[in-house]
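Everything on this sheet refers to the single structure shown next.
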Amino acid sequence: MTSLTSPNHKYHIEEDRYSIQHMKRKGITAMPRPHSHDLAELYYLIQGERVYFVDDRVITVHKGELILISGRELHSTASSEVAEFERILINYDPALLPPSLQNEAIWFHDRGYRLFKLTLREQDEAEILMNRMLEECRLQRPYYETSVIALFSEL
């Protein structure tokens with residue numbers, strides 16, 4: 001049995017060219033089938049462990065790791081032996097980033113994904129930035145979309 005243990009509102013900005021969602025789940029979960037989408041995907045695991053199926057590979061993502069999936073890459077996720085997890089998921093159009101960060105070759109090295117094993121300091125910094133993005137989306141103050149994209153570029 002699966003249960004959501006926190007709100008999992010998905011915020012959309014920039015005409016659906018960027019979305020962010022925070023989710024915490026308990027129980028065994030798996031996507032019924034692989035999927036793809038035009039936007040790139042950034043998946044950061046705050047707690048737990050998840051199994052990603054991407055680029056004909058099986059990748060176990062652990063707490064404090066970030067996986068980046070290129071747009072249109074077929075992928076799916078499932079539970080590992082650790083059935084509880086917490087994550088932040090960002091889908092984005094690379095064109096929203098500054099020009100120097102838009103080239104997918106610098107991120108993926110001719111693969112459909114890239115796994116980043118963050119140091120403890122990098123984890124703290126990443127979580128602060130992502131929590132600020134979520135807060136900006138929740139509050140929707142003037143110019144919040146610009147703030148979110150600036151924070152995302154910093155991430």
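Labels used: A, B, ... for chains in the order of the structure tokens, numbers from 1 for residues in each chain, and numbers from 1 for ligands as shown.
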Any idea what's packed within 8 Å of stretch 74-90 of chain A, counting only C-alpha atoms, ignoring anything in its chain fewer than 4 positions away? Could you give it as a PyMOL selection string? chain A and resi 18-31+33-36+41-55+60+130
Non-local contacts of A:Asp38 (10 Å; only C-alpha atoms; under 4 positions in same chain excluded) as a list in words: Arg17, Ser70, Gly71, Arg72, Glu73, Asn91, Tyr92 and Asp93 of chain A
Could you give me the residues within stretch 18-133 of chain A that DSSP places in strand (DSSP E), as a ChimeraX atom specification? /A:18-26,40-47,49-54,57-62,65-69,75-79,85-92,113-117
